[in-house]
Each structure stands twice: as C-alpha cells, then as structure tokens.
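Take a look at the structure set out below.
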Amino acid sequence: MKKGFASILMTSYNKSEFLLKSINSCLNQNYKKKEILIFDDCSLDSSRQILKNINKKNTFVTFNKKKKYKSGPLNQLYATKNLFSRSKGEIIFLIDSDDYYKKNKIKYIVKYFKSNKNLNFIQDTPKYGNVEKIFKFKRKKNSFTIWPSVYPTSCLAIKRKFFLNFLKLSKQGEFPNLEIDARLCIYAFLKNEYSSIKKNFTIYNYDENGITSMYKKFTFNWWRKRNEAYDYMKFLMKKMNKKFIPGYDYYFTKLVNCFIKNEIH
C-alpha cells in the first residue's frame, strides 16, 4: 500500500460507446498519485481494440480469457477482486466503464478522508448523464428490516483495509443477482460506516444493456435480488454477532419469492 495513493478499479463488458470517455475522466483527474486498473470481461464489441491502444503511465489493463460465471453481478465482483489484488492504493475508487468522474473527484475525496480520519467508506451523490432523473438519498429508520439506499458502484470510495475486510465476507460465487454496490453498502451500513456527501462528482449513465437494466422495479429479477439482499444481510449480521429482526417487508419478500418459484416450476 502507498500512503495517499488512489487506485481506480474499472470493470468493463461491452461498453465501447462510453469506454474511452470513462477512462479519460480518470486519467484527467487533477490528482497525480493515482493508478487506473481496468478489467475487460470478454467484451464482444470494440472495447478490446480501444483498451489495447491505452498506453499511459500507471494504467493497467487485464483481459479476461473466459467468463467466470453466468451471472453479471458475480462477474463484476470477481473482476473487482482481481483488480484489487493488483492495486496498491490507500483509497480504492470503483467505476463502471460507462460512467464518468468529474475532474476534481479523486482530489476532493482523498482530502475528505484525510480530514475525517475515522471514515472508511464514502459515496458522492450521482448525477444522471443520459436520463432525466434526480438521485435522492433516503435514510432508513430500521436497519433490521431494510438495507440502506444504494448508489451506483461508481460513487463508492473505500479505504483499503476496510475494503479488504469486506471482500473476505463478500460471498463470491453466491447471490447471483446481488451486485457489489449493494453488498458493500449493506456491509458498511451494518459496520456503522455508511456515509455519503451531497456533492456530485460522478456522472452515471443508464445503459439498457447493463446489469442494472435487468432489475426493473417489481419484476421477478427485482424480487430475487431483494431476497438475496436480505439473505446476505442475515449472513453478515450473524458474522457480526448482531440479531436479525425480520419485519413485514422481509416476510412479504419471502412470500413473493415462493410465488416466483412456483410460477417457474
């Protein structure tokens, strides 16, 4: 680990439309002590050609030869763990390859961590780049019945040791519908480390072919993901010696998932 050094971990699959702009938004940060690590997960578009032409200092590209899982969220988690193992930053930044950083993001967040030494996890408020939406942060009243608001992966910044401890409990290979941002936010929430700032440093683009598009509200996949989020929360709480107190939402989610299984069978 290099003190004051920032590692930007970018996972990518078929994002050639956005890829170069996303990479340049990382390269053009007004913070010098940084590295950019990119994992291309067997892209079928022109992403590979774009990445082969990237020849910048402290920029490293990994081309995956074969997908690890059939699940997009599991492949994203696997790619992030792979990049983290190669990184050396004190602060870890995550970004999807269709999103962009504003020029001063890394500098501001690193400074924010230095000013708040006990802070291990932070997320900035995203701004949509290609749809007319406003992200609203909501605090949940009961940590045992619902997980916190989950912002996109590209908004998350984490101290290295905290991220390493999370990865040990990330349940790689399990919960095929649960993305890394949800797992990490639930983990931070239960560790009383969940925090956000209202400042916007991240431009989030909604991709109809991306992982998030698979989980439109109240669809079967959305309910499956919700069910897995509860199961993951229960797993973490057991590890942390915390008591899980189910609420109405938990039981309703379980009921809906029983209905989904019966419908499929």
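Chain labels run A, B, ... following the order of the structure tokens; each chain numbers its residues from 1, and ligands are numbered from 1 in the order shown.
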
*Can you list, as a VMD selection string, every protein, DNA or RNA residue that comes within 7 Å of segment 79-82 of chain A when you count only C-alpha atoms, leaving out same-chain residues fewer than 6 positions away?*
chain A and resid 9 11 39

*asked:* So that I can check the secondary structure, give me every residue of segment 1-243 of chain A assigned strand (DSSP E) by backbone DSSP, as an NGL selection string.
replied: :A and (2-12 or 34-40 or 59-63 or 89-96 or 100-101 or 121-128 or 156-159 or 196-204)

*atom CA of Asn165 of chain A and atom CA of Ser149 of chain A are how many Å apart?*
21.3 Å

*Out of A:Ile91, A:Ser12, A:Tyr215, A:Val110, which residue has the shortest atom-to-atom distance to Phe162 of chain A when counting only C-alpha atoms?*
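The shortest atom-to-atom distance to Phe162 of chain A comes from A:Ile91.
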
*Restricting the calculation to only C-alpha atoms, which member of A:Ile260, A:Asn241, A:Met1, A:Asn64 is positioned closest to Leu164 of chain A?*
A:Met1

*Lys21 of chain A: which residues within 10 Å, counting only C-alpha atoms, same-chain residues fewer than 3 positions away excluded, as a VMD selection string?*
chain A and resid 16 to 18 24 to 27 97 to 101

*Which one is closest to Asn177 of chain A: A:Trp223, A:Phe218, A:Phe244, A:Phe60? Count only C-alpha atoms.*
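When distances to Asn177 of chain A are compared using only C-alpha atoms, the smallest one comes from A:Trp223.
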
*asked:* Please compute the atom CA of Asp45 of chain A-atom CA of Thr219 of chain A distance, one decimal, in Å.
replied: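 For atom CA of Asp45 of chain A relative to atom CA of Thr219 of chain A, the distance reads 28.5 Å.
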
_Residue among A:Phe175, A:Trp222, A:Tyr248, A:Tyr194 lying closest to Asn118 of chain A, counting only C-alpha atoms_ = A:Tyr194

_Spatial neighbours of Lys105 of chain A, max dist 8 Å, only C-alpha atoms, sep filter under 5 positions, as a ChimeraX atom specification_ = /A:29,201-202

*Which polymer residues have any atom within 7 Å of an atom of Leu156 of chain A, counting only C-alpha atoms, with same-chain residues fewer than 5 positions away left out, as a count of residues only?*
4

*Write out as a PyMOL selection string the residues lying within 12 Å of Lys261 of chain A, counting only C-alpha atoms and excluding same-chain residues fewer than 5 positions away.*
chain A and resi 220-221+223-224+254-256

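Across A:Thr212, A:Asn116, A:Asn200, A:Asn14, the tightest approach to Pro152 of chain A is made by A:Thr212 when counting only C-alpha atoms.
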
*Calculate how many Å separate atom CA of Asn58 of chain A from atom CA of Tyr31 of chain A, rounding to one decimal.*
12.8 Å

_Selection: 8 Å around Tyr206 of chain A, only C-alpha atoms, excl. self and same-chain fewer than 3 positions, as a count of residues only_ = 6
